[in-house]
Amino acid sequence: MRKFYYVIICMVCLLSVSAQKKVLLEQFRTFSMIGPVMQYLNQEETKAVLLKQLNNSLLKYKNAQLIDQDFRMTVLPELKPTNPTDLPFTIADSSTWHMYLDLYEFETNTFYYVHPEYKEDSALFKRTASVFDLTVLLTDWKKDIILKEFITICITRGSSNGFGIQASSPSLSNRGFTDMLNYALERVLDPENKVGLMEIKAAPVFYADNFLLPIISNYPVIQVSNKNNIASYKRDQTDEIIRLGEPFYEELITKGKNKNVADKSIISTAINSTGRQNSSDFVHARQETRDVLRDKNYTLKMLIEINPIFNYKNEDEVFTGFMPDSLHFLLKDQDTIAKFKIIKNTGLVVGDKLVLKTKNIGLGAENRTIYLNKLSNGYDSTSIYLMDPAEVSRKIFSEYVITGLIHNQPFTIMCSNRNTLKEFYLNQDNIAVAMGKFLPERIAVFDASLDKEILNQLMMIGFSRLLR
């Protein structure tokens, strides 16, 4: 009886194997509106991983397998729809199927303009960095279509441990791109899949640099939870919570019955020294903040001039600007916790050239460099991916440089990467770095002895909503 069952099982297996189809990947066309993301497909390791996933999905869902490991990729100079009459056709035998893949990357606004039906999900639209369309066409030896499916993938920003200058493109790292395409191939070949649009949260891509990437992996990354203007994080087993309120503005009046600035005060002297007290408006920008754990409330005060008669070529005469010198404060009740000045670095277009009045000198800032031909995850130097062997480097500048005294100790905060990278210095030492614009998203502390309360106070300044 056992022999009888054994023979039957063997016969079933032989019939199954003989029924298995062969698949030839005839063509893999790629196109990107944004940048170099498709260059990842030139890597042999990436090709091998994708072909393995494709073969596994074919076996799982179609009882078929690839007959070779040739990628046959074509990079299109412009977007072209699939035309069945133009498809290459190599082998015409009845046991072979023919596969054609199209992978296109769209700029978000262009995609939603072409496909307005997807824009109904406005929240997804706003957070999308780029959009990929994957089309799979499978035909038999007669060129009859066995399968034609497509799937749209919206790439949105996911969590990350990275720090530095975020790359404008590509929207995915090499690993993120491979994972995305593997997942899309699995879904599009699955006959049970009914989803035509999916979202993939991906970590941002950073340019390699010479000032953060070489050291950042030596320090733990503290992830910050943000909700309703409240940032909470854990440091040394302590739950730190800071609240950064909404900004508001108080007009400063130096004359008349509504005068609210005392004569010969620091503020009055600063306003009169501009010589524009009759043409400009002056306001105190304020923001209330709170260190919840220590039950301490603070007020940020920054002195701003609004100059309606401004010279766009002169950084000191832009329409809205922080008053020069140390006229900005972090206060606790009547006590001055920090006194500082703010340098806003404005890029001006003169003729056809961008002129940057870089002010972030000292502390080695003038040597800070990013490499546009090298991408990384912003945390691990071994993650560097070389997009081009020819080095392309660029000095970076800070949109804001804040310098002053906090608890009578000199401090500097450099705000770069569209005001989303904050570097904190205390007594000339680089003590911490954080990512985020108006609330910290993640922090790395370089000085383990750094007082927790002082770090919170520095972040209240660096992440102020007054720094637009």
# chains A, B, ... in the order shown; residues from 1 in each chain; ligands from 1
$ select_by_dssp --residues "range 162-211 of chain A" --states "strand (DSSP E or B)" --output "list in words"
Gln166, Leu197, Met198, Glu199, Ile200, Lys201, Ala202, Phe206, Tyr207, Ala208 and Asp209 of chain A
$ select_by_dssp --residues "range 213-343 of chain A" --states "alpha helix (DSSP H)" --output "list of chain:residue names"
A:Leu213, A:Pro214, A:Ile215, A:Ile216, A:Ile266, A:Ile267, A:Ser268, A:Thr269, A:Ala270, A:Ile271, A:Asn272, A:Ser273
$ residues_around --residues "Glu240 in chain A" --least-positions-apart "4" --cutoff "10 Å" --atoms "only C-alpha atoms" --output "list of chain:residue names"
A:Val224, A:Ala231, A:Ser232, A:Tyr233, A:Lys234, A:Arg235, A:Asp236, A:Asp291, A:Val292, A:Leu293, A:Arg294, A:Lys452, A:Glu453, A:Asn456
$ write_last_selection --atoms "C-alpha atoms" --output "PDB file, in the first residue's frame"
ATOM      1  CA  VAL A 224      10.901  62.403  19.720  1.00  0.00           C
ATOM      2  CA  ALA A 231       7.580  67.245  22.132  1.00  0.00           C
ATOM      3  CA  SER A 232       8.313  64.313  24.429  1.00  0.00           C
ATOM      4  CA  TYR A 233      11.405  62.140  24.527  1.00  0.00           C
ATOM      5  CA  LYS A 234      13.352  59.951  26.908  1.00  0.00           C
ATOM      6  CA  ARG A 235      16.921  60.731  27.940  1.00  0.00           C
ATOM      7  CA  ASP A 236      18.774  58.689  30.535  1.00  0.00           C
ATOM      8  CA  ASP A 291       9.422  72.598  30.479  1.00  0.00           C
ATOM      9  CA  VAL A 292       6.680  70.293  31.761  1.00  0.00           C
ATOM     10  CA  LEU A 293       8.831  68.001  33.909  1.00  0.00           C
ATOM     11  CA  ARG A 294      10.350  70.915  35.846  1.00  0.00           C
ATOM     12  CA  LYS A 452      18.910  68.255  30.546  1.00  0.00           C
ATOM     13  CA  GLU A 453      17.307  71.567  31.430  1.00  0.00           C
ATOM     14  CA  ASN A 456      15.546  71.909  26.598  1.00  0.00           C
TER      15      ASN A 456
END
$ closest_residue --among "A:Asn367, A:Gly404, A:Ser280, A:Leu455" --to "Asp325 in chain A" --atoms "only C-alpha atoms"
A:Gly404
$ closest_atom_pairs --of "range 152-260 of chain A" --to "range 417-424 of chain A" --cutoff "9 Å" --atoms "only C-alpha atoms" --output "tab-separated table"
residue	atom	partner	partner_atom	distance
A:Phe163	CA	A:Leu421	CA	7.4
A:Gly164	CA	A:Leu421	CA	6.5
A:Ile165	CA	A:Asn417	CA	5.4
A:Gln166	CA	A:Asn417	CA	7.1
$ write_last_selection --atoms "C-alpha atoms" --output "PDB file, in the first residue's frame"
ATOM      1  CA  PHE A 163      20.891  63.582  10.306  1.00  0.00           C
ATOM      2  CA  GLY A 164      22.259  66.028   7.777  1.00  0.00           C
ATOM      3  CA  ILE A 165      21.277  67.654   4.516  1.00  0.00           C
ATOM      4  CA  GLN A 166      18.405  65.802   2.918  1.00  0.00           C
TER       5      GLN A 166
END
$ residues_around --residues "Phe411 in chain A" --least-positions-apart "6" --cutoff "8 Å" --atoms "only C-alpha atoms" --output "PyMOL selection string"
chain A and resi 403-405+424-428
$ write_last_selection --atoms "N, CA and C atoms" --output "short mmCIF file (atom, residue, chain, number, x, y, z; two decimals), in the first residue's frame"
data_model
loop_
_atom_site.label_atom_id
_atom_site.label_comp_id
_atom_site.auth_asym_id
_atom_site.auth_seq_id
_atom_site.Cartn_x
_atom_site.Cartn_y
_atom_site.Cartn_z
N THR A 403 23.64 83.27 18.16
CA THR A 403 24.77 83.27 19.10
C THR A 403 24.45 84.17 20.28
N GLY A 404 24.91 83.76 21.46
CA GLY A 404 24.69 84.57 22.64
C GLY A 404 25.17 83.87 23.89
N LEU A 405 24.52 84.21 25.00
CA LEU A 405 24.86 83.63 26.30
C LEU A 405 23.61 82.97 26.88
N PHE A 424 23.83 72.37 17.93
CA PHE A 424 23.92 73.13 19.17
C PHE A 424 25.36 73.10 19.70
N TYR A 425 25.88 74.29 20.02
CA TYR A 425 27.22 74.44 20.58
C TYR A 425 27.11 75.15 21.92
N LEU A 426 27.89 74.70 22.88
CA LEU A 426 27.96 75.33 24.20
C LEU A 426 29.42 75.41 24.60
N ASN A 427 29.88 76.62 24.93
CA ASN A 427 31.30 76.83 25.23
C ASN A 427 32.19 76.32 24.10
N GLN A 428 31.78 76.60 22.88
CA GLN A 428 32.51 76.25 21.65
C GLN A 428 32.50 74.76 21.32
#
$ closest_atom_pairs --of "range 28-87 of chain A" --to "range 108-113 of chain A" --cutoff "12 Å" --atoms "only C-alpha atoms" --output "CSV"
residue,atom,partner,partner_atom,distance
A:Ser32,CA,A:Thr108,CA,11.8
A:Met33,CA,A:Thr110,CA,9.2
A:Ile34,CA,A:Thr108,CA,9.6
$ residues_around --residues "range 376-392 of chain A" --least-positions-apart "5" --cutoff "8 Å" --atoms "only C-alpha atoms" --output "number ranges by chain"
A: 36, 39, 161-164, 173-174, 203-208, 213-214, 216-217, 371
$ residues_around --residues "Asp281 in chain A" --least-positions-apart "5" --cutoff "8 Å" --atoms "only C-alpha atoms" --output "PyMOL selection string"
chain A and resi 251-252+305-307
$ write_last_selection --atoms "N, CA and C atoms" --output "PDB file, in the first residue's frame"
ATOM      1  N   GLU A 251       3.006  95.058  18.816  1.00  0.00           N
ATOM      2  CA  GLU A 251       3.578  96.235  18.163  1.00  0.00           C
ATOM      3  C   GLU A 251       4.231  97.135  19.206  1.00  0.00           C
ATOM      4  N   LEU A 252       5.406  97.638  18.872  1.00  0.00           N
ATOM      5  CA  LEU A 252       6.146  98.524  19.767  1.00  0.00           C
ATOM      6  C   LEU A 252       5.947  99.965  19.320  1.00  0.00           C
ATOM      7  N   GLU A 305      12.018  94.141  12.848  1.00  0.00           N
ATOM      8  CA  GLU A 305      11.686  95.342  12.084  1.00  0.00           C
ATOM      9  C   GLU A 305      10.955  94.941  10.808  1.00  0.00           C
ATOM     10  N   ILE A 306       9.855  95.623  10.528  1.00  0.00           N
ATOM     11  CA  ILE A 306       9.132  95.436   9.269  1.00  0.00           C
ATOM     12  C   ILE A 306       9.332  96.705   8.454  1.00  0.00           C
ATOM     13  N   ASN A 307      10.122  96.593   7.393  1.00  0.00           N
ATOM     14  CA  ASN A 307      10.536  97.749   6.603  1.00  0.00           C
ATOM     15  C   ASN A 307       9.843  97.722   5.243  1.00  0.00           C
TER      16      ASN A 307
END
$ atom_distance --atom1 "CA of Asp93 in chain A" --atom2 "CA of Leu181 in chain A"
29.4 Å
$ closest_residue --among "A:Leu327, A:Lys21, A:Asp335, A:Ser225" --to "Ile266 in chain A" --atoms "only C-alpha atoms"
A:Leu327
$ closest_residue --among "A:Arg187, A:Leu79, A:Met99, A:Gln409" --to "Trp141 in chain A" --atoms "only C-alpha atoms"
A:Met99
$ decode --residues "range 418-432 of chain A" --atoms "N, CA and C atoms" --output "PDB file, in the first residue's frame"
ATOM      1  N   ARG A 418      17.075  74.093   5.129  1.00  0.00           N
ATOM      2  CA  ARG A 418      15.755  74.741   5.197  1.00  0.00           C
ATOM      3  C   ARG A 418      15.244  74.793   6.637  1.00  0.00           C
ATOM      4  N   ASN A 419      16.155  75.081   7.524  1.00  0.00           N
ATOM      5  CA  ASN A 419      15.832  75.244   8.944  1.00  0.00           C
ATOM      6  C   ASN A 419      15.325  73.956   9.584  1.00  0.00           C
ATOM      7  N   THR A 420      15.799  72.804   9.120  1.00  0.00           N
ATOM      8  CA  THR A 420      15.382  71.530   9.722  1.00  0.00           C
ATOM      9  C   THR A 420      16.539  70.775  10.366  1.00  0.00           C
ATOM     10  N   LEU A 421      17.757  71.282  10.233  1.00  0.00           N
ATOM     11  CA  LEU A 421      18.921  70.688  10.890  1.00  0.00           C
ATOM     12  C   LEU A 421      19.454  71.702  11.886  1.00  0.00           C
ATOM     13  N   LYS A 422      19.438  71.348  13.171  1.00  0.00           N
ATOM     14  CA  LYS A 422      19.874  72.263  14.225  1.00  0.00           C
ATOM     15  C   LYS A 422      21.109  71.685  14.919  1.00  0.00           C
ATOM     16  N   GLU A 423      22.192  72.453  14.887  1.00  0.00           N
ATOM     17  CA  GLU A 423      23.417  72.046  15.571  1.00  0.00           C
ATOM     18  C   GLU A 423      23.626  72.966  16.768  1.00  0.00           C
ATOM     19  N   PHE A 424      23.828  72.369  17.927  1.00  0.00           N
ATOM     20  CA  PHE A 424      23.923  73.125  19.170  1.00  0.00           C
ATOM     21  C   PHE A 424      25.358  73.102  19.697  1.00  0.00           C
ATOM     22  N   TYR A 425      25.881  74.294  20.015  1.00  0.00           N
ATOM     23  CA  TYR A 425      27.222  74.438  20.578  1.00  0.00           C
ATOM     24  C   TYR A 425      27.113  75.153  21.918  1.00  0.00           C
ATOM     25  N   LEU A 426      27.890  74.700  22.885  1.00  0.00           N
ATOM     26  CA  LEU A 426      27.956  75.327  24.202  1.00  0.00           C
ATOM     27  C   LEU A 426      29.421  75.408  24.595  1.00  0.00           C
ATOM     28  N   ASN A 427      29.875  76.620  24.929  1.00  0.00           N
ATOM     29  CA  ASN A 427      31.300  76.828  25.234  1.00  0.00           C
ATOM     30  C   ASN A 427      32.190  76.320  24.099  1.00  0.00           C
ATOM     31  N   GLN A 428      31.775  76.597  22.876  1.00  0.00           N
ATOM     32  CA  GLN A 428      32.510  76.247  21.651  1.00  0.00           C
ATOM     33  C   GLN A 428      32.500  74.757  21.323  1.00  0.00           C
ATOM     34  N   ASP A 429      31.842  73.939  22.131  1.00  0.00           N
ATOM     35  CA  ASP A 429      31.802  72.496  21.881  1.00  0.00           C
ATOM     36  C   ASP A 429      30.471  72.101  21.240  1.00  0.00           C
ATOM     37  N   ASN A 430      30.546  71.224  20.246  1.00  0.00           N
ATOM     38  CA  ASN A 430      29.345  70.700  19.604  1.00  0.00           C
ATOM     39  C   ASN A 430      28.715  69.681  20.549  1.00  0.00           C
ATOM     40  N   ILE A 431      27.607  70.042  21.170  1.00  0.00           N
ATOM     41  CA  ILE A 431      27.038  69.220  22.238  1.00  0.00           C
ATOM     42  C   ILE A 431      25.862  68.358  21.781  1.00  0.00           C
ATOM     43  N   ALA A 432      25.187  68.760  20.692  1.00  0.00           N
ATOM     44  CA  ALA A 432      24.008  68.003  20.257  1.00  0.00           C
ATOM     45  C   ALA A 432      23.624  68.426  18.848  1.00  0.00           C
TER      46      ALA A 432
END
